[in-house]
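So the structure is just underneath, and the comments pick up after that.
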Amino acid sequence: MQQVVAGLASGSIYASLALALVLIHRATGVINFAQGEMATLSTYVAWSLMTNHGWSYWPAFVATLAISFLGGAVVHQGIIRPNEKGSVLRVVIVTIGLLLFINGLIILIWGGEIRAMESPFPTRTIEIAGVAISIQDIGTIGVVLATVVALWLLFQYTKIGLAMRAAAVNPTEARLVGVRVTWMLTFGWGLAAVLGAVAGMLAAPSLFLDPNLMAALLIYAFASAVLGGIDSPIGAVVGGLILGVGLNLIGTYVDFVGADLRLPVALAVILIVLLVKPSGIFGRSEVRRV
Amino acid sequence: MRLGRAAAPIIAFVVLGVVVAVVPSFVSAFRAQQLAYVGIYLVALIGLNVLTGYTGQISLGHGAFMAVGGYTTAILMSDHGVKDVWTIPLAALVAGVGGFLFGIPALRLSGLYLALATFAIAVSMPAVIKRFESFTGGGSGINLFGTPELTASLTPVTILGQELVFNDWLYYLSWTVALIGYVIAWLLLRGRTGRAFRAVRDSETAAQSSGVSLPRYKTLAFGVSAAYAGAAGSLFAIATTFVNPDTFPIALSILLLVGVVVGGLGSLVGLIAGAVFIQFLPIWSQEISQSPGAPSVVSGLVLIALMFVLPMGVAGLVGRLRLLTRRGYHRADSQAD
């Protein structure tokens with residue numbers, strides 16, 4: 001049971017990064033390989049605000065979200081949009097270039113050493129129904145859930161959310177009825193960067209902060225997104241939670257896998273889902289026009 | 001007629017062969033070693049080009065196939081006492097079979113999803129290597145220094161009456177493999193198979209309706225491409241005389257893709273440019289900044305900039321220039337009329 005809760009906590013971090021991937025894939029049909037590095041960069045900004053400028057966690061958290069939003073929007077306007085025409089490969093290569101660039105930039109600015117990030121939640125455990133659960137895990141799950149609910153409200157009940165959905169589903173018609181599609185996509189990249197930042201800032205206290213913080217998390221997020229259906233936001237969240245719990249249980253109880261082989265297990269999940277049911281649990285199947 | 005069309009590339013190739021052969025006499029042993037690595041990257045890029053340039057299948061996981069080749073060589077040398085040169089074809093074979101097998105599930109993936117799956121392979125490869133410790137030496141890797149009789153690292157090699165120091169030997173070995181590899185790829189790509197690969201790249205649906213078997217050619221492209229990566233990995237292991245899980249990181253896979261994009265997914269000249277770029281980028285960027293992050297920053301910027309200005313890479317630029325001049329000629333001709 002304890003492992004399940006711990007799994008839910010890491011699963012919710014995968015979920016929030018997976019949600020970022022799904023958001024961008026739905027809107028632009030691209031997988032952002034730099035999503036993890038963008039999140040790491042955000043986390044470094046937060047760390048810097050706290051360590052070098054003496055901010056406490058939550059103000060730094062909010063400020064970082066704002067900075068990340070701007071950063072994501074700038075990335076889309078600056079380097080993604082001009083390369084959207086032509087083959088998908090082109091944008092994929094641009095995001096890989098961005099991955100390299102940000103990774104190098106982090107090392108350039110902050111150096112390669114591992115840093116500790118203070119946790120916003122106490123690390124002690126409380127006992128609920130005979131199960132010892134750490135407050136940090138509960139806090140992590142809580143923050144991610146709050147983010148997901150906020151996002152859902154945004155998409156379902158605001159004008160901008162409706163416009164974003166329209167832009168993603170049918171850009172041409174959306175443009176005809178007056179939706180500024182490009183700006184909606186930019187907004188989407190900003191939101192995705194925010195989600196990544198949430199994942200990074202929640203993961204850093206327990207995983208420690210280093211330039212490659214999100215590399216493994218990105219694979220877990222890919223696996224979650226694919227498992228849930230790469231076009232389905234709900235799928236990303238559910239996929240993330242399933243993967244988090246599943247990996248934790250397998251890692252703990254299957255000796256052969258242990259702590260080392262979790263990454264290959266995630267890879268296996270990606271491959272198996274893509275082969276058996278490419279649309280994932282919640283996704284729609286893709287129809288290709290010739 | 002056939003021979004006539006083949007003449008130009010054959011002459012170019014012979015000239016290149018001569019240039020490659022005489023270079024070590026003019027450069028230092030240190031430089032020769034750097035150029036040897038260029039040759040090694042070239043082998044991998046030729047292979048990746050078959051897959052990505054010709055068949056249109058992206059791979060972010062070729063570092064993993066290099067790891068398979070490198071470990072094949074290391075294990076054959078340290079556990080079975082096979083001489084280094086003979087492990088190269090075996091490494092290519094093992095990696096090729098691996099690539100072929102991966103090509104089967106990859107059949108159902110295209111574009112983005114293939115990039116994702118291959119990326120995941122490259123990321124999880126070090127973890128797999130570390131886990132099977134008894135076979136691969138785990139995190140500490142396999143050291144080949146202990147077997148001086150199998151490699152040239154300590155004693156000079158004598159070939160055709162010439163005594164070669166290790167760096168020169170390495171240079172000739174890797175470039176010989178690269179040039180042989182290029183000829184094989186050229187023979188493979190100029191005929192029926194090459195046409196089928198390009199048909200798959202340009203439109204899978206159209207290729208299929210013209211009777212090109214997608215499963216056969218896609219898995220073939222994966223197998224061939226991985227075999228090249230395996231040979232490159234094997235050379236890499238021979239060159240560093242040491243392999244561990246971090247010899248073949250995800251960054252290597254990404255760099256190979258960078259190299260093939262810089263090379264413009266096409267000609268031999270472009271691929272050499274790509275290989276030079278991969279090898280010398282860290283050295284050049286050291287001049288800008290001493291930080292270990294500098295090479296990534298520069299290669300990231302170059303990659304993005306390339307997609308802006310020439311989405312087809314260096315070879316694309318050459319092709320475009322040629323097209324321009326040719327058009328110029330035609331215009332001149334028609335005006336003369």
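Chain lettering (A, B, ...) mirrors the order of the structure tokens, residue numbering begins at 1 for each chain separately, and ligand numbering begins at 1 in order of display.
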Quiz item: Residues of chain A within 8 Å of chain B, using only C-alpha atoms, as a count of residues only?
Solution: 38
Practice problem: With a distance cut-off of 10 Å and only C-alpha atoms, select the neighbouring residues of Val62 in chain A, excluding the residue or stretch itself and same-chain residues fewer than 5 positions from it, and output the selection as a list in words. | Solution: Ala46, Tyr57, Ile67, Ser68, Val194 and Val198 of chain A
Quiz item: Restricting the calculation to only C-alpha atoms, which member of B:Leu187, B:Ile11, B:Leu45, B:Val97 is positioned closest to Ser59 in chain B?
Solution: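 That would be B:Leu45, the residue with the smallest distance to Ser59 in chain B.
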Exercise. Using DSSP on the backbone, list every residue of range 36-280 of chain B that comes out as strand (DSSP E or B), and give them as an MDAnalysis selection string.
Key: chainID B and resid 142:143 157:159 162:164 242:243
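Around Ser28 in chain B, within 12 Å and counting only C-alpha atoms, the residues found are Gln34, Leu35, Val165, Asn167, Asp168 and Tyr171 of chain B, once anything fewer than 6 positions away on its own chain is removed.
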Quiz item: range 164-179 of chain A: which residues within 10 Å, counting only C-alpha atoms, same-chain residues fewer than 5 positions away excluded, as a list of chain:residue names?
Solution: A:Leu23, A:Ile24, A:His25, A:Arg26, A:Ala27, A:Thr28, A:Gly29, A:Leu154, A:Phe155, A:Gln156, A:Thr158, A:Lys159, A:Met184, A:Leu185, A:Thr186, A:Phe187, A:Gly188
Practice problem: Could you check which of A:Met214, A:Met1, A:Leu162, A:Ala268 is closest to Ala129 in chain A, using only C-alpha atoms? | Solution: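 Checking each candidate against Ala129 in chain A, we get A:Met1 as the closest.
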Quiz item: Near Phe208 in chain A, counting only C-alpha atoms, which residues have an atom at most 9 Å away, once you skip same-chain residues fewer than 6 positions from it, shown as a VMD selection string?
Solution: chain A and resid 114 to 117
Selection file, N, CA and C atoms, as an mmCIF file, in the first residue's frame:
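Result file follows (again26.cif):
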data_model
loop_
_atom_site.group_PDB
_atom_site.id
_atom_site.type_symbol
_atom_site.label_atom_id
_atom_site.label_comp_id
_atom_site.auth_asym_id
_atom_site.auth_seq_id
_atom_site.Cartn_x
_atom_site.Cartn_y
_atom_site.Cartn_z
ATOM 1 N N ILE A 114 25.511 18.201 -8.879
ATOM 2 C CA ILE A 114 24.180 17.910 -8.359
ATOM 3 C C ILE A 114 23.873 18.848 -7.194
ATOM 4 N N ARG A 115 22.661 19.392 -7.180
ATOM 5 C CA ARG A 115 22.293 20.315 -6.114
ATOM 6 C C ARG A 115 21.043 19.808 -5.398
ATOM 7 N N ALA A 116 20.950 20.180 -4.136
ATOM 8 C CA ALA A 116 19.764 19.790 -3.384
ATOM 9 C C ALA A 116 18.738 20.912 -3.498
ATOM 10 N N MET A 117 17.484 20.528 -3.652
ATOM 11 C CA MET A 117 16.438 21.538 -3.706
ATOM 12 C C MET A 117 15.539 21.334 -2.506
#
Quiz item: Could you work out how far CA of Ser56 in chain A lies from CA of Thr147 in chain A, giving the answer in Å with one decimal?
Solution: 20.3 Å
Quiz item: Would you give me, as a PyMOL selection string, the residues in range 68-230 of chain A that DSSP reads as helix (DSSP H, G or I)?
Solution: chain A and resi 68-83+88-110+135-157+159-169+171-176+181-207+213-228
Exercise. Please provide as a PyMOL selection string all residues within 6 Å of Gly63 in chain B, with the sequence filter that same-chain residues fewer than 2 positions apart are discarded (counting only C-alpha atoms).
Key: chain B and resi 61+65-66+248+252-253
Could those selected residues go to a file with N, CA and C atoms, as a PDB file, in the first residue's frame?
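Okay, out_38.pdb is ready:
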ATOM      1  N   GLY B  61      18.261   6.296 -32.135  1.00  0.00           N
ATOM      2  CA  GLY B  61      18.815   5.244 -31.286  1.00  0.00           C
ATOM      3  C   GLY B  61      20.028   4.552 -31.864  1.00  0.00           C
ATOM      4  N   PHE B  65      22.834   0.817 -31.243  1.00  0.00           N
ATOM      5  CA  PHE B  65      23.386  -0.208 -32.129  1.00  0.00           C
ATOM      6  C   PHE B  65      24.912  -0.158 -32.124  1.00  0.00           C
ATOM      7  N   MET B  66      25.465   1.064 -31.971  1.00  0.00           N
ATOM      8  CA  MET B  66      26.913   1.165 -31.817  1.00  0.00           C
ATOM      9  C   MET B  66      27.358   0.452 -30.551  1.00  0.00           C
ATOM     10  N   PHE B 248      28.569   4.903 -24.831  1.00  0.00           N
ATOM     11  CA  PHE B 248      27.551   5.094 -25.866  1.00  0.00           C
ATOM     12  C   PHE B 248      26.303   5.762 -25.279  1.00  0.00           C
ATOM     13  N   LEU B 252      25.315  10.503 -27.949  1.00  0.00           N
ATOM     14  CA  LEU B 252      25.942   9.976 -29.164  1.00  0.00           C
ATOM     15  C   LEU B 252      24.892   9.746 -30.247  1.00  0.00           C
ATOM     16  N   SER B 253      23.769   9.155 -29.851  1.00  0.00           N
ATOM     17  CA  SER B 253      22.689   8.923 -30.820  1.00  0.00           C
ATOM     18  C   SER B 253      22.221  10.230 -31.427  1.00  0.00           C
TER      19      SER B 253
END
Quiz item: If we count only C-alpha atoms, what is near Asn248 in chain A at a cut-off of 9 Å, once residues fewer than 2 positions away on the same chain are taken out, given as an MDAnalysis selection string?
Solution: chainID A and resid 3:4 6:8 10 243:246 250:253 259 262
Quiz item: Quick one: distance from CA of Gly200 in chain A to CA of Gly235 in chain A in Å, one decimal?
Solution: 20.4 Å
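CA of Val43 in chain B is positioned 16.3 Å from CA of Phe280 in chain B.
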